[in-house]
Amino acid sequence: MTSAFADRPNKKLVLFDVDGTLTLARQLVSPEMLALLGELRKKYVTGVVGGSDFVKISEQFAVPGSPLTVVDYFDYTFAENGLTAYKLGMTLPSESFIKYVGEERYKKLVNFILHYLADIDIPIKRGTFIEFRNGMINVSPIGRNATIQERLDFQAYDKIHGIRAAFVDTLRQKFSDYGLTFSIGGQISFDVFPNGWDKTFCLRHVADEKFEEIHFFGDKTYQGGNDYELFIDARTVGHTVTSPADTLVQLKEIFKL
């Protein structure tokens, strides 16, 4: 471990998913969570890794009245699975989804998704069904403009009817030659990114530190969930949580906080 983290008594990294792990989906982090993360950071190097873009993750750590941002609360901040990355507040090299896929193949993919979305019959639809990000696209059958209650309603509906699972299966078959991963995450959407650009991508940014252990806490650690690959990776010690409250309990137990 380099001199950057010489003040930490433990040469270990603790990584966290965002939605469902540190916060409720798309909601603000709690004061209790921030306090415990602060205590953890005194002993260990910490990081957050989310599928959302940097702006969305930042919003969830924008505490009213505080000048601090997400990069101030963690040693590593990984947005879009680490395709946008920060170490101690400094920007690390990034990657581009559109450069990987190419404009023509991207148009074919998006056109197919839009047609599929138009044909889906679900109780309600809102807006922003495809969100283009630096390292991936995010697809939501209900639309990302849905309210919190509408998100919860869709999540319950999706558990019964498997809307996202069926959508993802269709895309995997149709675009099997694209070298893409289709990963269900959050309450209302799934991500599309190049193979290997899942959350394990963030590990390449920390390899130089040669940590003794890398712990990862996530809620969607089942196969097909967007925490799965990092959870099962041989380089990590995976921990499944059921909610931010469960994360608090496990952190206190595991790290004696």
# chains A, B, ... in the order shown; residues from 1 in each chain; ligands from 1
>>> residues_around(residues="segment 253-257 of chain A", least_positions_apart="3", cutoff="9 Å", atoms="only C-alpha atoms", output="list of chain:residue names")
A:Leu36, A:Glu39, A:Leu40, A:Leu248, A:Val249, A:Gln250
>>> residues_around(residues="Ile113 of chain A", least_positions_apart="6", cutoff="12 Å", atoms="only C-alpha atoms", output="list in words")
Tyr106, Lys107, Asp119, Ile120, Phe129, Ile130, Glu131, Ile137, Asn138, Val139, Ser140, Pro141, Phe167, Val168, Thr170, Leu171, Arg172, Lys174, Phe175, Phe190 and Val192 of chain A
>>> closest_residue(among="A:Phe211, A:Tyr116, A:Phe54, A:Phe182", to="Met1 of chain A", atoms="only C-alpha atoms")
A:Phe211
>>> select_by_dssp(residues="segment 116-215 of chain A", states="alpha helix (DSSP H)", output="PyMOL selection string")
chain A and resi 116-119+148-161+163-174
>>> write_last_selection(atoms="C-alpha atoms", output="CSV table (one decimal), in the first residue's frame")
chain,number,residue,atom,x,y,z
A,116,TYR,CA,-39.3,-3.3,-27.7
A,117,LEU,CA,-40.2,-0.6,-25.2
A,118,ALA,CA,-43.1,0.6,-27.3
A,119,ASP,CA,-44.6,-2.9,-27.4
A,148,ILE,CA,-40.3,7.0,-5.8
A,149,GLN,CA,-43.8,5.4,-5.3
A,150,GLU,CA,-44.0,4.5,-9.0
A,151,ARG,CA,-40.6,2.9,-8.8
A,152,LEU,CA,-41.7,0.8,-5.9
A,153,ASP,CA,-44.9,-0.2,-7.7
A,154,PHE,CA,-42.9,-1.2,-10.8
A,155,GLN,CA,-40.4,-3.2,-8.7
A,156,ALA,CA,-43.2,-5.2,-7.2
A,157,TYR,CA,-44.9,-5.7,-10.6
A,158,ASP,CA,-41.5,-6.7,-12.2
A,159,LYS,CA,-40.9,-9.4,-9.5
A,160,ILE,CA,-44.2,-11.0,-10.5
A,161,HIS,CA,-44.1,-10.6,-14.3
A,163,ILE,CA,-40.4,-7.6,-17.4
A,164,ARG,CA,-36.7,-6.8,-17.1
A,165,ALA,CA,-35.6,-10.4,-17.1
A,166,ALA,CA,-37.5,-11.2,-20.4
A,167,PHE,CA,-36.2,-7.9,-22.0
A,168,VAL,CA,-32.6,-8.8,-21.1
A,169,ASP,CA,-32.9,-12.4,-22.4
A,170,THR,CA,-34.2,-11.1,-25.7
A,171,LEU,CA,-31.3,-8.6,-26.0
A,172,ARG,CA,-28.7,-11.3,-25.1
A,173,GLN,CA,-30.0,-13.4,-28.0
A,174,LYS,CA,-30.5,-10.6,-30.5
>>> closest_residue(among="A:Gln187, A:Ser176, A:Ser58, A:Ser243", to="Gly20 of chain A", atoms="only C-alpha atoms")
A:Ser243
>>> select_by_dssp(residues="segment 6-247 of chain A", states="strand (DSSP E or B)", output="ChimeraX atom specification")
/A:12-16,19,23,45-49,76-79,84-87,90-92,130-132,137-139,180-185,189-194,213-218,225,237-240
>>> atom_distance(atom1="atom CA of Val110 of chain A", atom2="atom CA of Gly179 of chain A")
15.4 Å
>>> atom_distance(atom1="atom CA of Phe112 of chain A", atom2="atom CA of Gly224 of chain A")
21.4 Å
>>> residues_around(residues="segment 5-9 of chain A", least_positions_apart="2", cutoff="6 Å", atoms="only C-alpha atoms", output="PDB file with all heavy atoms, in the first residue's frame")
ATOM      1  N   SER A   3       2.146   5.390   0.168  1.00  0.00           N
ATOM      2  CA  SER A   3       2.140   6.391   1.233  1.00  0.00           C
ATOM      3  C   SER A   3       0.835   7.183   1.287  1.00  0.00           C
ATOM      4  O   SER A   3       0.538   7.838   2.287  1.00  0.00           O
ATOM      5  CB  SER A   3       3.314   7.351   1.052  1.00  0.00           C
ATOM      6  OG  SER A   3       3.234   7.994  -0.203  1.00  0.00           O
ATOM      7  N   LYS A  43      -9.734   3.516   9.911  1.00  0.00           N
ATOM      8  CA  LYS A  43      -8.987   2.261  10.037  1.00  0.00           C
ATOM      9  C   LYS A  43      -8.698   1.585   8.698  1.00  0.00           C
ATOM     10  O   LYS A  43      -7.712   0.865   8.562  1.00  0.00           O
ATOM     11  CB  LYS A  43      -9.775   1.294  10.914  1.00  0.00           C
ATOM     12  CG  LYS A  43     -10.057   1.804  12.327  1.00  0.00           C
ATOM     13  CD  LYS A  43     -10.883   0.794  13.109  1.00  0.00           C
ATOM     14  CE  LYS A  43     -11.174   1.280  14.520  1.00  0.00           C
ATOM     15  NZ  LYS A  43     -11.977   0.295  15.298  1.00  0.00           N
ATOM     16  N   TYR A  44      -9.598   1.802   7.710  1.00  0.00           N
ATOM     17  CA  TYR A  44      -9.488   1.117   6.428  1.00  0.00           C
ATOM     18  C   TYR A  44      -9.607   2.115   5.280  1.00  0.00           C
ATOM     19  O   TYR A  44     -10.154   3.201   5.436  1.00  0.00           O
ATOM     20  CB  TYR A  44     -10.604   0.077   6.276  1.00  0.00           C
ATOM     21  CG  TYR A  44     -10.593  -1.006   7.336  1.00  0.00           C
ATOM     22  CD1 TYR A  44     -11.266  -0.821   8.543  1.00  0.00           C
ATOM     23  CD2 TYR A  44      -9.932  -2.208   7.129  1.00  0.00           C
ATOM     24  CE1 TYR A  44     -11.256  -1.805   9.526  1.00  0.00           C
ATOM     25  CE2 TYR A  44      -9.927  -3.198   8.102  1.00  0.00           C
ATOM     26  CZ  TYR A  44     -10.586  -2.994   9.305  1.00  0.00           C
ATOM     27  OH  TYR A  44     -10.585  -3.962  10.265  1.00  0.00           O
TER      28      TYR A  44
END
>>> closest_residue(among="A:Asp198, A:Glu212, A:Glu95, A:Asp177", to="Lys11 of chain A", atoms="only C-alpha atoms")
A:Glu212
>>> residues_around(residues="segment 69-81 of chain A", least_positions_apart="4", cutoff="8 Å", atoms="only C-alpha atoms", output="PyMOL selection string")
chain A and resi 34+37-38+41+45-54+57-58+61-62+85-89+133-136+197-202
